[in-house]
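Text of the file input32.csv, holding CSV, C-alpha atoms and all ligand atoms:
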chain,number,residue,atom,x,y,z
A,1,MET,CA,138.0,42.2,82.0
A,2,GLN,CA,137.7,38.7,83.5
A,3,ARG,CA,134.5,37.8,85.4
A,4,ARG,CA,136.4,37.5,88.6
A,5,ASP,CA,138.1,40.9,88.3
A,6,PHE,CA,134.8,42.5,87.5
A,7,LEU,CA,133.0,40.9,90.4
A,8,LYS,CA,135.8,42.2,92.7
A,9,ALA,CA,135.1,45.7,91.4
A,10,ALA,CA,131.4,45.1,92.0
A,11,VAL,CA,132.0,44.1,95.6
A,12,ALA,CA,134.1,47.2,96.1
A,13,LEU,CA,131.2,49.2,94.9
A,14,GLY,CA,129.1,47.6,97.6
A,15,GLY,CA,130.9,50.0,100.1
A,16,VAL,CA,129.8,52.9,98.1
A,17,LEU,CA,126.2,51.6,98.0
A,18,LEU,CA,126.0,52.1,101.7
A,19,LEU,CA,125.7,55.8,101.0
A,20,GLY,CA,123.8,55.9,97.8
A,21,SER,CA,122.2,53.5,95.5
A,22,GLN,CA,124.1,52.5,92.4
A,23,LEU,CA,122.9,48.9,92.3
A,24,SER,CA,121.9,49.2,88.7
A,25,ARG,CA,125.6,49.9,87.8
A,26,VAL,CA,126.5,46.7,89.7
A,27,ALA,CA,123.8,44.8,87.9
A,28,GLU,CA,125.1,46.0,84.6
A,29,ALA,CA,128.6,45.0,85.7
A,30,PHE,CA,127.4,41.5,86.4
A,31,LYS,CA,125.7,41.3,83.1
A,32,LEU,CA,128.9,42.0,81.3
A,33,ALA,CA,131.1,40.0,83.6
A,34,LEU,CA,129.3,36.7,84.2
A,35,ASP,CA,130.1,34.1,81.7
A,36,GLY,CA,128.0,31.2,83.1
A,37,LYS,CA,124.9,30.6,85.1
A,38,VAL,CA,125.0,30.6,88.9
A,39,LYS,CA,122.9,27.8,90.3
A,40,VAL,CA,120.8,28.7,93.3
A,41,VAL,CA,118.5,26.8,95.6
A,42,TRP,CA,116.2,28.9,97.9
A,43,LEU,CA,114.6,26.8,100.6
A,44,GLN,CA,111.9,28.0,103.0
A,45,GLY,CA,111.5,26.7,106.5
A,46,ALA,CA,109.5,28.1,109.4
A,47,GLY,CA,108.8,31.7,108.6
A,48,ASP,CA,106.3,33.9,106.9
A,49,THR,CA,108.0,34.4,103.4
A,50,GLY,CA,108.7,38.0,104.5
A,51,CYS,CA,112.3,37.7,103.3
A,52,THR,CA,111.2,36.8,99.8
A,53,ILE,CA,108.6,39.6,99.9
A,54,SER,CA,111.3,42.0,100.9
A,55,LEU,CA,113.5,40.8,98.0
A,56,LEU,CA,110.5,41.2,95.7
A,57,GLN,CA,110.3,44.8,96.8
A,58,GLY,CA,113.9,45.5,95.8
A,59,ALA,CA,114.1,48.4,93.4
A,60,HIS,CA,117.7,48.8,92.2
A,61,PRO,CA,117.7,46.2,90.8
A,62,ASP,CA,114.4,44.4,91.2
A,63,LEU,CA,114.1,40.6,91.3
A,64,VAL,CA,113.8,40.2,87.6
A,65,ASP,CA,117.1,42.1,87.3
A,66,VAL,CA,118.7,40.0,89.9
A,67,ILE,CA,117.8,36.8,88.1
A,68,THR,CA,118.3,37.8,84.5
A,69,ARG,CA,121.2,40.3,84.8
A,70,PHE,CA,123.1,38.3,87.4
A,71,ARG,CA,122.3,35.2,85.3
A,72,LEU,CA,121.1,33.3,88.3
A,73,GLU,CA,119.5,29.9,87.6
A,74,VAL,CA,117.0,29.5,90.5
A,75,ALA,CA,116.5,25.8,90.5
A,76,PHE,CA,114.1,25.8,93.4
A,77,HIS,CA,112.1,28.6,95.2
A,78,PRO,CA,108.7,27.6,96.6
A,79,THR,CA,107.2,31.0,96.1
A,80,VAL,CA,108.3,31.9,92.6
A,81,MET,CA,108.9,28.7,90.7
A,82,ALA,CA,106.3,27.3,88.4
A,83,ALA,CA,107.1,23.6,88.8
A,84,GLN,CA,105.3,21.6,91.4
A,85,GLY,CA,105.3,18.0,92.8
A,86,GLU,CA,108.0,15.7,91.6
A,87,ALA,CA,109.2,18.1,88.9
A,88,ALA,CA,109.9,20.7,91.5
A,89,VAL,CA,111.9,18.4,93.8
A,90,LYS,CA,113.9,16.7,91.0
A,91,PRO,CA,116.6,19.4,90.8
A,92,LEU,CA,117.3,19.1,94.5
A,93,GLU,CA,118.0,15.4,94.1
A,94,ARG,CA,120.4,16.1,91.3
A,95,PHE,CA,122.4,18.5,93.4
A,96,VAL,CA,122.4,16.1,96.4
A,97,GLU,CA,123.6,13.3,94.1
A,98,GLY,CA,126.4,15.5,92.8
A,99,LEU,CA,125.1,15.3,89.2
A,100,GLU,CA,125.2,19.1,89.1
A,101,PRO,CA,127.3,21.6,91.1
A,102,LEU,CA,125.3,23.8,93.4
A,103,ASP,CA,126.7,27.3,93.7
A,104,VAL,CA,124.5,28.9,96.4
A,105,LEU,CA,122.1,27.5,98.9
A,106,ILE,CA,119.9,30.3,100.4
A,107,VAL,CA,117.7,29.4,103.4
A,108,GLU,CA,114.8,31.5,104.6
A,109,GLY,CA,113.0,30.5,107.8
A,110,ALA,CA,114.1,28.5,110.8
A,111,ILE,CA,114.6,24.7,110.6
A,112,PRO,CA,112.0,22.8,112.7
A,113,LYS,CA,112.7,19.2,113.7
A,114,GLY,CA,111.7,16.3,111.6
A,115,GLU,CA,108.0,16.1,110.5
A,116,TYR,CA,107.1,19.7,111.4
A,117,CYS,CA,108.4,20.9,108.1
A,118,THR,CA,108.9,18.7,105.0
A,119,VAL,CA,109.7,19.5,101.4
A,120,GLY,CA,108.5,17.1,98.8
A,121,GLU,CA,108.8,13.3,98.9
A,122,VAL,CA,111.5,10.9,97.8
A,123,GLU,CA,110.3,7.3,97.1
A,124,GLY,CA,106.9,8.1,98.7
A,125,LYS,CA,108.4,9.5,102.0
A,126,PRO,CA,108.2,13.1,103.0
A,127,VAL,CA,111.7,14.7,103.4
A,128,PRO,CA,112.2,16.9,106.4
A,129,ILE,CA,113.7,20.3,105.5
A,130,GLU,CA,116.4,19.6,108.0
A,131,GLU,CA,117.6,16.8,105.7
A,132,TRP,CA,117.6,19.0,102.6
A,133,VAL,CA,119.5,21.7,104.4
A,134,ARG,CA,122.1,19.3,105.6
A,135,ARG,CA,122.6,17.5,102.3
A,136,LEU,CA,122.4,20.5,100.0
A,137,GLY,CA,124.5,22.6,102.4
A,138,GLU,CA,127.3,20.1,102.3
A,139,LYS,CA,127.3,20.3,98.5
A,140,ALA,CA,126.8,24.1,98.1
A,141,GLY,CA,129.7,26.4,97.4
A,142,VAL,CA,128.1,29.0,99.7
A,143,VAL,CA,125.3,28.9,102.2
A,144,VAL,CA,123.4,32.1,103.1
A,145,ALA,CA,120.8,32.2,105.9
A,146,VAL,CA,118.4,35.0,105.0
A,147,GLY,CA,116.4,36.6,107.8
A,148,ASP,CA,116.4,36.3,111.5
A,149,CYS,CA,114.6,32.9,111.5
A,150,ALA,CA,117.3,31.2,109.4
A,151,ALA,CA,120.2,33.1,110.9
A,152,PHE,CA,119.3,32.9,114.6
A,153,GLY,CA,116.0,31.0,115.0
A,154,GLY,CA,113.9,34.3,115.2
A,155,ILE,CA,110.2,34.1,116.1
A,156,PRO,CA,109.7,30.4,115.3
A,157,ALA,CA,112.5,29.4,117.8
A,158,ALA,CA,111.3,31.8,120.5
A,159,SER,CA,110.5,30.2,123.8
A,160,PRO,CA,108.9,27.7,124.3
A,161,ASN,CA,109.9,26.7,120.7
A,162,PRO,CA,107.4,23.8,120.4
A,163,THR,CA,108.6,22.7,117.0
A,164,GLY,CA,112.3,22.6,118.0
A,165,CYS,CA,113.3,25.3,115.5
A,166,LYS,CA,117.1,25.8,114.9
A,167,PRO,CA,119.1,28.3,112.9
A,168,VAL,CA,120.9,27.0,109.8
A,169,LYS,CA,124.3,27.1,111.4
A,170,GLU,CA,123.2,24.5,113.9
A,171,ILE,CA,122.3,22.1,111.0
A,172,LEU,CA,125.7,22.8,109.3
A,173,PRO,CA,128.2,23.3,112.2
A,174,GLY,CA,131.2,22.7,110.1
A,175,LYS,CA,130.3,25.1,107.3
A,176,THR,CA,130.6,28.8,107.0
A,177,VAL,CA,127.1,30.2,106.9
A,178,VAL,CA,126.6,33.9,106.0
A,179,ASN,CA,123.9,35.3,108.1
A,180,ILE,CA,121.8,38.2,107.0
A,181,SER,CA,119.7,39.2,109.9
A,182,GLY,CA,116.6,41.4,109.9
A,183,CYS,CA,112.9,40.6,110.0
A,184,PRO,CA,112.8,41.0,107.1
A,185,PRO,CA,116.3,41.9,105.8
A,186,HIS,CA,116.7,44.9,103.4
A,187,PRO,CA,116.7,43.6,99.8
A,188,GLU,CA,120.1,45.3,99.2
A,189,TRP,CA,121.6,43.3,102.1
A,190,ILE,CA,120.6,40.2,100.3
A,191,ILE,CA,121.7,41.2,96.9
A,192,LEU,CA,125.0,42.7,97.8
A,193,THR,CA,125.9,39.7,100.0
A,194,LEU,CA,125.1,37.5,97.0
A,195,ALA,CA,127.4,39.7,94.9
A,196,ALA,CA,130.2,39.4,97.5
A,197,VAL,CA,130.0,35.7,97.9
A,198,LEU,CA,129.9,35.1,94.1
A,199,SER,CA,133.1,37.1,93.8
A,200,GLY,CA,134.9,34.4,95.8
A,201,GLU,CA,136.4,37.2,97.9
A,202,LYS,CA,136.5,36.7,101.7
A,203,LEU,CA,133.5,38.5,103.1
A,204,GLU,CA,134.3,40.2,106.4
A,205,LEU,CA,131.8,38.8,109.0
A,206,ASP,CA,131.1,39.8,112.5
A,207,GLU,CA,130.9,37.5,115.5
A,208,TYR,CA,127.4,36.5,114.5
A,209,GLY,CA,128.4,35.6,110.9
A,210,ARG,CA,126.9,38.7,109.4
A,211,PRO,CA,128.6,40.9,106.8
A,212,LYS,CA,130.2,43.7,108.7
A,213,VAL,CA,129.5,46.2,106.1
A,214,PHE,CA,125.8,46.3,107.0
A,215,TYR,CA,125.9,45.5,110.8
A,216,SER,CA,128.7,47.6,112.3
A,217,HIS,CA,127.1,50.7,113.6
A,218,TYR,CA,124.4,51.2,116.2
A,219,LEU,CA,121.2,52.4,114.6
A,220,HIS,CA,121.1,54.9,117.5
A,221,ASP,CA,124.4,56.6,116.3
A,222,LEU,CA,122.9,57.3,112.9
A,223,CYS,CA,119.3,58.0,113.9
A,224,PRO,CA,117.7,61.2,112.7
A,225,ARG,CA,116.2,61.6,116.2
A,226,ARG,CA,119.6,61.4,117.9
A,227,GLY,CA,119.7,65.2,118.6
A,228,PHE,CA,116.6,64.8,120.8
A,229,TYR,CA,118.2,62.0,122.7
A,230,ASP,CA,121.4,64.0,123.3
A,231,ARG,CA,119.3,66.9,124.6
A,232,GLY,CA,117.2,64.5,126.8
A,233,GLU,CA,114.0,65.2,124.9
A,234,PHE,CA,112.0,62.0,125.0
A,235,ALA,CA,108.6,61.3,123.6
A,236,GLU,CA,106.0,60.2,126.2
A,237,LYS,CA,103.5,59.1,123.5
A,238,PHE,CA,103.6,58.2,119.8
A,239,GLY,CA,103.3,61.1,117.4
A,240,GLU,CA,105.7,63.4,119.4
A,241,ASP,CA,108.7,64.6,117.4
A,242,LYS,CA,111.3,63.5,120.0
A,243,CYS,CA,113.5,60.6,120.8
A,244,LEU,CA,111.5,57.3,121.1
A,245,TRP,CA,113.7,55.7,123.7
A,246,LYS,CA,111.2,55.8,126.5
A,247,LEU,CA,108.6,54.2,124.3
A,248,GLY,CA,110.9,51.2,123.9
A,249,CYS,CA,113.2,52.0,121.0
A,250,LYS,CA,116.0,49.5,120.8
A,251,GLY,CA,118.2,51.5,118.5
A,252,PRO,CA,120.9,51.9,121.2
A,253,ILE,CA,121.6,48.2,121.3
A,254,VAL,CA,121.0,47.2,117.6
A,255,LYS,CA,123.7,47.4,115.0
A,256,VAL,CA,122.3,48.0,111.5
A,257,ASP,CA,122.6,50.6,108.7
A,258,CYS,CA,118.8,51.4,108.3
A,259,PRO,CA,119.3,55.2,108.8
A,260,MET,CA,121.9,55.3,106.0
A,261,ARG,CA,120.2,52.9,103.6
A,262,LEU,CA,116.5,53.6,104.2
A,263,TRP,CA,113.7,51.3,103.2
A,264,ASN,CA,110.9,51.3,100.5
A,265,ASN,CA,113.3,52.4,97.8
A,266,GLY,CA,115.1,54.9,100.0
A,267,VAL,CA,112.0,56.6,101.4
A,268,ASN,CA,111.9,55.9,105.2
A,269,MET,CA,112.8,53.8,108.2
A,270,CYS,CA,111.2,52.9,111.5
A,271,THR,CA,112.5,55.7,113.8
A,272,GLN,CA,112.4,58.3,111.1
A,273,ASN,CA,108.7,57.5,110.6
A,274,GLY,CA,107.8,57.7,114.3
A,275,GLY,CA,107.9,54.0,115.1
A,276,ILE,CA,110.4,52.4,117.5
A,277,CYS,CA,113.2,50.2,116.4
A,278,VAL,CA,112.1,46.7,117.7
A,279,GLY,CA,115.6,45.3,117.1
A,280,CYS,CA,114.6,42.9,114.3
A,281,ALA,CA,118.2,42.6,113.2
A,282,HIS,CA,119.5,41.7,116.7
A,283,PRO,CA,120.7,38.1,117.1
A,284,ARG,CA,118.3,37.6,120.0
A,285,PHE,CA,115.1,39.0,118.3
A,286,PRO,CA,112.3,38.8,119.5
A,287,GLU,CA,113.4,37.8,123.0
A,288,THR,CA,115.1,39.7,125.9
A,289,PRO,CA,116.5,42.3,125.6
A,290,LEU,CA,114.3,43.3,122.7
A,291,SER,CA,111.1,42.2,124.4
A,292,PRO,CA,108.7,43.6,125.6
A,293,PHE,CA,108.9,45.9,122.5
A,294,HIS,CA,107.4,48.9,124.2
A,295,LYS,CA,109.5,48.9,127.3
A,296,GLU,CA,112.4,51.2,127.8
A,297,VAL,CA,115.8,49.5,127.4
A,298,GLU,CA,117.5,49.5,130.8
A,299,ALA,CA,120.9,48.2,129.8
A,300,VAL,CA,122.3,50.3,127.0
A,301,PRO,CA,126.0,50.3,125.8
A,302,ALA,CA,128.4,52.2,127.9
A,303,VAL,CA,130.8,54.9,126.7
A,304,LEU,CA,133.9,55.4,128.9
A,305,GLY,CA,132.2,53.2,131.5
A,306,ILE,CA,129.1,55.5,131.7
A,307,ASP,CA,125.8,54.2,130.2
A,308,LEU,CA,124.2,56.2,127.5
A,309,LYS,CA,121.2,57.2,129.7
A,310,THR,CA,123.5,58.9,132.1
A,311,TRP,CA,125.4,60.5,129.2
A,312,ALA,CA,122.1,61.8,127.8
A,313,TYR,CA,121.0,63.4,131.1
A,314,GLY,CA,124.5,64.6,131.7
A,315,LEU,CA,124.7,66.2,128.3
A,316,ALA,CA,121.3,67.7,128.7
A,317,GLY,CA,122.5,69.2,132.0
A,318,VAL,CA,125.7,70.6,130.4
A,319,ALA,CA,123.6,72.1,127.6
A,320,ALA,CA,121.2,73.7,130.2
A,321,LEU,CA,124.3,75.1,132.0
A,322,ALA,CA,125.8,76.4,128.8
A,323,ILE,CA,122.5,78.2,127.9
A,324,ALA,CA,122.3,79.7,131.4
A,325,LEU,CA,125.9,81.0,131.2
A,326,HIS,CA,125.3,82.3,127.7
A,327,ALA,CA,122.2,84.2,129.0
A,328,ILE,CA,124.3,85.7,131.9
A,329,ARG,CA,127.1,86.8,129.5
A,330,ARG,CA,124.5,88.4,127.3
A,331,LYS,CA,123.1,90.3,130.2
A,332,ALA,CA,126.5,91.4,131.2
A,333,GLY,CA,127.2,92.6,127.7
A,334,THR,CA,130.3,90.6,127.1
A,335,ARG,CA,129.5,89.3,123.6
A,336,HIS,CA,131.9,90.1,120.8
A,337,PRO,CA,130.4,93.1,118.9
A,338,GLU,CA,130.6,91.3,115.5
A,339,TYR,CA,128.1,88.7,116.8
A,340,GLU,CA,125.5,91.2,118.0
A,341,GLU,CA,122.0,90.8,116.5
A,342,VAL,CA,120.9,93.7,114.2
B,1,LIG,FE1,116.7,57.2,117.6
B,1,LIG,FE2,115.8,55.3,119.1
B,1,LIG,FE3,118.2,56.3,119.6
B,1,LIG,FE4,116.0,57.8,120.1
B,1,LIG,S1,116.7,55.8,121.1
B,1,LIG,S2,117.9,58.5,119.0
B,1,LIG,S3,114.6,57.2,118.4
B,1,LIG,S4,117.5,55.1,117.8
As structure tokens, the full file:
Amino acid sequence: MQRRDFLKAAVALGGVLLLGSQLSRVAEAFKLALDGKVKVVWLQGAGDTGCTISLLQGAHPDLVDVITRFRLEVAFHPTVMAAQGEAAVKPLERFVEGLEPLDVLIVEGAIPKGEYCTVGEVEGKPVPIEEWVRRLGEKAGVVVAVGDCAAFGGIPAASPNPTGCKPVKEILPGKTVVNISGCPPHPEWIILTLAAVLSGEKLELDEYGRPKVFYSHYLHDLCPRRGFYDRGEFAEKFGEDKCLWKLGCKGPIVKVDCPMRLWNNGVNMCTQNGGICVGCAHPRFPETPLSPFHKEVEAVPAVLGIDLKTWAYGLAGVAALAIALHAIRRKAGTRHPEYEEV
């Protein structure tokens, strides 16, 4: 099987991975299929390295698998590379000068203006990261913005944004930038996106440039506490086993697959664990309507023109009515005999 065909199959497996975790099979597939090295540059702008930490926590496969089995040649990554100084920056110059092809540029962190964030020096002058992103982005086969900061500006670009932070797409307006939102993103979102872009297949993106496969469903629709919401049972304080909406949960306005995928190697996710969803994968995180985090969302999506809050109270009312009718029927002895309790 040719590399390209096998990669296609691996991407198809990505859909299956939403429901389970068979990443090691994909990794094995890549090991067999890849016939060359994939050159990758990972830049870090304004952020907290959380996206890299998230990737380091990936379990199926872990980062060593990703690099060795996928045969990635990571030419630059400030956190994991051993080189420093001139030796570290040299590969970047080679890509910029076109001496080597760059397959993938991954950017983590927002891009501050000019001197607020520089990476290395060329001819004794510090080079702004904005410059590297522009010049490497133009050369790269694929550009991936990892995390909310790179994708949308995130916390560093939040008002009043004193360092003039921008998302990667604003530095490369003419280029397709694949955005993987989340603060941080799930390691599987990063790895599977990489698998998809390496396949050369057209990745279906939403209106924010994110792979639809991860960001199509409201967290609220898949939440393990959804039953409480539908019955109008809302927690008034943390620790209560009820819906967390009144405590500020943003699940109703955030599209992300956390409840299906789960975090920490498939163990848990925010609302399942008793914490609210703060909307870290939302394009406007951490500002309105996500902030203040612990304030109830007022504007929630409408269904048939009726907002979800009204639906929730309405459904709770219907449920109460049904229970009352049921009780009346029982008293009147109209139940079918086969359903009688023994
Ligand atoms: Fe779950 Fe939050 Fe929706 Fe409640 S509001 S069901 S806790 S996502």
Q: Could you please extract the residues within 9 Å of ligand LIG 1 (chain B), counting all atoms listed in the file, and hand them back as a PyMOL selection string?
A: chain A and resi 218-230+234-235+242-254+270-272+274-277+297
Given the selection you just returned, output its residues as a file containing C-alpha atoms, formatted as a short mmCIF file (atom, residue, chain, number, x, y, z; two decimals), in the frame of the given file.
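Final output, saved to selection.cif:
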data_model
loop_
_atom_site.label_atom_id
_atom_site.label_comp_id
_atom_site.auth_asym_id
_atom_site.auth_seq_id
_atom_site.Cartn_x
_atom_site.Cartn_y
_atom_site.Cartn_z
CA TYR A 218 124.40 51.20 116.20
CA LEU A 219 121.20 52.40 114.60
CA HIS A 220 121.10 54.90 117.50
CA ASP A 221 124.40 56.60 116.30
CA LEU A 222 122.90 57.30 112.90
CA CYS A 223 119.30 58.00 113.90
CA PRO A 224 117.70 61.20 112.70
CA ARG A 225 116.20 61.60 116.20
CA ARG A 226 119.60 61.40 117.90
CA GLY A 227 119.70 65.20 118.60
CA PHE A 228 116.60 64.80 120.80
CA TYR A 229 118.20 62.00 122.70
CA ASP A 230 121.40 64.00 123.30
CA PHE A 234 112.00 62.00 125.00
CA ALA A 235 108.60 61.30 123.60
CA LYS A 242 111.30 63.50 120.00
CA CYS A 243 113.50 60.60 120.80
CA LEU A 244 111.50 57.30 121.10
CA TRP A 245 113.70 55.70 123.70
CA LYS A 246 111.20 55.80 126.50
CA LEU A 247 108.60 54.20 124.30
CA GLY A 248 110.90 51.20 123.90
CA CYS A 249 113.20 52.00 121.00
CA LYS A 250 116.00 49.50 120.80
CA GLY A 251 118.20 51.50 118.50
CA PRO A 252 120.90 51.90 121.20
CA ILE A 253 121.60 48.20 121.30
CA VAL A 254 121.00 47.20 117.60
CA CYS A 270 111.20 52.90 111.50
CA THR A 271 112.50 55.70 113.80
CA GLN A 272 112.40 58.30 111.10
CA GLY A 274 107.80 57.70 114.30
CA GLY A 275 107.90 54.00 115.10
CA ILE A 276 110.40 52.40 117.50
CA CYS A 277 113.20 50.20 116.40
CA VAL A 297 115.80 49.50 127.40
#
Return as CSV the residues of stretch 111-173 of chain A lying at most 10 Å from stretch 282-294 of chain A, together with the closest atom-to-atom pair for each and the distance in Å to one decimal, counting all atoms listed in the file, with rows in chain order and ascending residue number.
residue,atom,partner,partner_atom,distance
A:Asp148,CA,A:Pro283,CA,7.3
A:Cys149,CA,A:Phe285,CA,9.1
A:Ala151,CA,A:Pro283,CA,8.0
A:Phe152,CA,A:Pro283,CA,5.9
A:Gly153,CA,A:Arg284,CA,8.6
A:Gly154,CA,A:Phe285,CA,5.8
A:Ile155,CA,A:Pro286,CA,6.2
A:Pro156,CA,A:Pro286,CA,9.7
A:Ala157,CA,A:Pro286,CA,9.6
A:Ala158,CA,A:Glu287,CA,6.8
A:Ser159,CA,A:Glu287,CA,8.2
Expected file: the selected residues, C-alpha atoms, as a short mmCIF file (atom, residue, chain, number, x, y, z; two decimals), in the coordinates of the input:
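Result file is out26.cif:
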data_model
loop_
_atom_site.label_atom_id
_atom_site.label_comp_id
_atom_site.auth_asym_id
_atom_site.auth_seq_id
_atom_site.Cartn_x
_atom_site.Cartn_y
_atom_site.Cartn_z
CA ASP A 148 116.40 36.30 111.50
CA CYS A 149 114.60 32.90 111.50
CA ALA A 151 120.20 33.10 110.90
CA PHE A 152 119.30 32.90 114.60
CA GLY A 153 116.00 31.00 115.00
CA GLY A 154 113.90 34.30 115.20
CA ILE A 155 110.20 34.10 116.10
CA PRO A 156 109.70 30.40 115.30
CA ALA A 157 112.50 29.40 117.80
CA ALA A 158 111.30 31.80 120.50
CA SER A 159 110.50 30.20 123.80
#
If you count all atoms listed in the file, which residues fall within 7 Å of A:His217, apart from same-chain ones fewer than 2 positions away, as a PDB file with C-alpha atoms, keeping the file's coordinate frame?
ATOM      1  CA  TYR A 215     125.900  45.500 110.800  1.00  0.00           C
ATOM      2  CA  LEU A 219     121.200  52.400 114.600  1.00  0.00           C
ATOM      3  CA  LYS A 255     123.700  47.400 115.000  1.00  0.00           C
ATOM      4  CA  VAL A 256     122.300  48.000 111.500  1.00  0.00           C
ATOM      5  CA  ASP A 257     122.600  50.600 108.700  1.00  0.00           C
TER       6      ASP A 257
END
What's around stretch 177-182 of chain A at 8 Å? Count only C-alpha atoms, leave out sequence neighbours fewer than 6 positions away in its own chain, and write the answer as a PDB file with C-alpha atoms, in the frame of the given file.
ATOM      1  CA  VAL A 142     128.100  29.000  99.700  1.00  0.00           C
ATOM      2  CA  VAL A 143     125.300  28.900 102.200  1.00  0.00           C
ATOM      3  CA  VAL A 144     123.400  32.100 103.100  1.00  0.00           C
ATOM      4  CA  ALA A 145     120.800  32.200 105.900  1.00  0.00           C
ATOM      5  CA  VAL A 146     118.400  35.000 105.000  1.00  0.00           C
ATOM      6  CA  GLY A 147     116.400  36.600 107.800  1.00  0.00           C
ATOM      7  CA  ASP A 148     116.400  36.300 111.500  1.00  0.00           C
ATOM      8  CA  ALA A 150     117.300  31.200 109.400  1.00  0.00           C
ATOM      9  CA  ALA A 151     120.200  33.100 110.900  1.00  0.00           C
ATOM     10  CA  PHE A 152     119.300  32.900 114.600  1.00  0.00           C
ATOM     11  CA  VAL A 168     120.900  27.000 109.800  1.00  0.00           C
ATOM     12  CA  LYS A 169     124.300  27.100 111.400  1.00  0.00           C
ATOM     13  CA  TRP A 189     121.600  43.300 102.100  1.00  0.00           C
ATOM     14  CA  ILE A 190     120.600  40.200 100.300  1.00  0.00           C
ATOM     15  CA  LEU A 205     131.800  38.800 109.000  1.00  0.00           C
ATOM     16  CA  TYR A 208     127.400  36.500 114.500  1.00  0.00           C
ATOM     17  CA  GLY A 209     128.400  35.600 110.900  1.00  0.00           C
ATOM     18  CA  ARG A 210     126.900  38.700 109.400  1.00  0.00           C
ATOM     19  CA  PRO A 211     128.600  40.900 106.800  1.00  0.00           C
ATOM     20  CA  CYS A 280     114.600  42.900 114.300  1.00  0.00           C
ATOM     21  CA  ALA A 281     118.200  42.600 113.200  1.00  0.00           C
ATOM     22  CA  HIS A 282     119.500  41.700 116.700  1.00  0.00           C
ATOM     23  CA  PRO A 283     120.700  38.100 117.100  1.00  0.00           C
TER      24      PRO A 283
END
Q) When you draw a straight line from atom CA of A:Cys117 to atom CA of A:Ala46, how long is it in Å? A) 7.4 Å
Q) If we count all atoms listed in the file, what is near A:Met81 at a cut-off of 12 Å, once residues fewer than 6 positions away on the same chain are taken out, given as a ChimeraX atom specification? A) /A:41-43,73-75,87-89
Q. To one decimal place, how far is atom CA of A:Leu56 from atom CA of A:Gly109 in Å?
A. 16.3 Å
Q: Rank nothing, just name the residue among A:Glu236, A:Glu296, A:Asp103, A:Asp65 nearest to A:Leu198, using only C-alpha atoms.
A: A:Asp103
(Q) Neighbouring residues of A:Leu172 were defined as those with any atom within 9 Å, considering all atoms listed in the file; residues of the same chain fewer than 6 positions away were excluded. Please report them as a list in words. (A) Val133, Arg134, Gly137 and Glu138 of chain A
Q: Enter the distance from atom CA of A:Asn264 to atom CA of A:Gly58, in Å, rounded to one decimal.
A: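 Distance between the two atoms: 8.0 Å.
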Q. Could you name the residues that touch A:Val127 at 12 Å or less, counting only C-alpha atoms, but leaving out those on the same chain fewer than 4 positions away, as number ranges by chain?
A. A: 89, 92-93, 113-123, 131-135
Q: Measuring atom to atom with only C-alpha atoms, identify which of A:Val96, A:Ile171, A:Cys51, A:Leu192 is nearest to A:Thr79.
A: A:Cys51
Q. Which one is closest to A:Val197: A:Gly232, A:Pro91, A:Gly141, A:Gly45? Count all atoms listed in the file.
A.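 Smallest distance to A:Val197 is found for A:Gly141.
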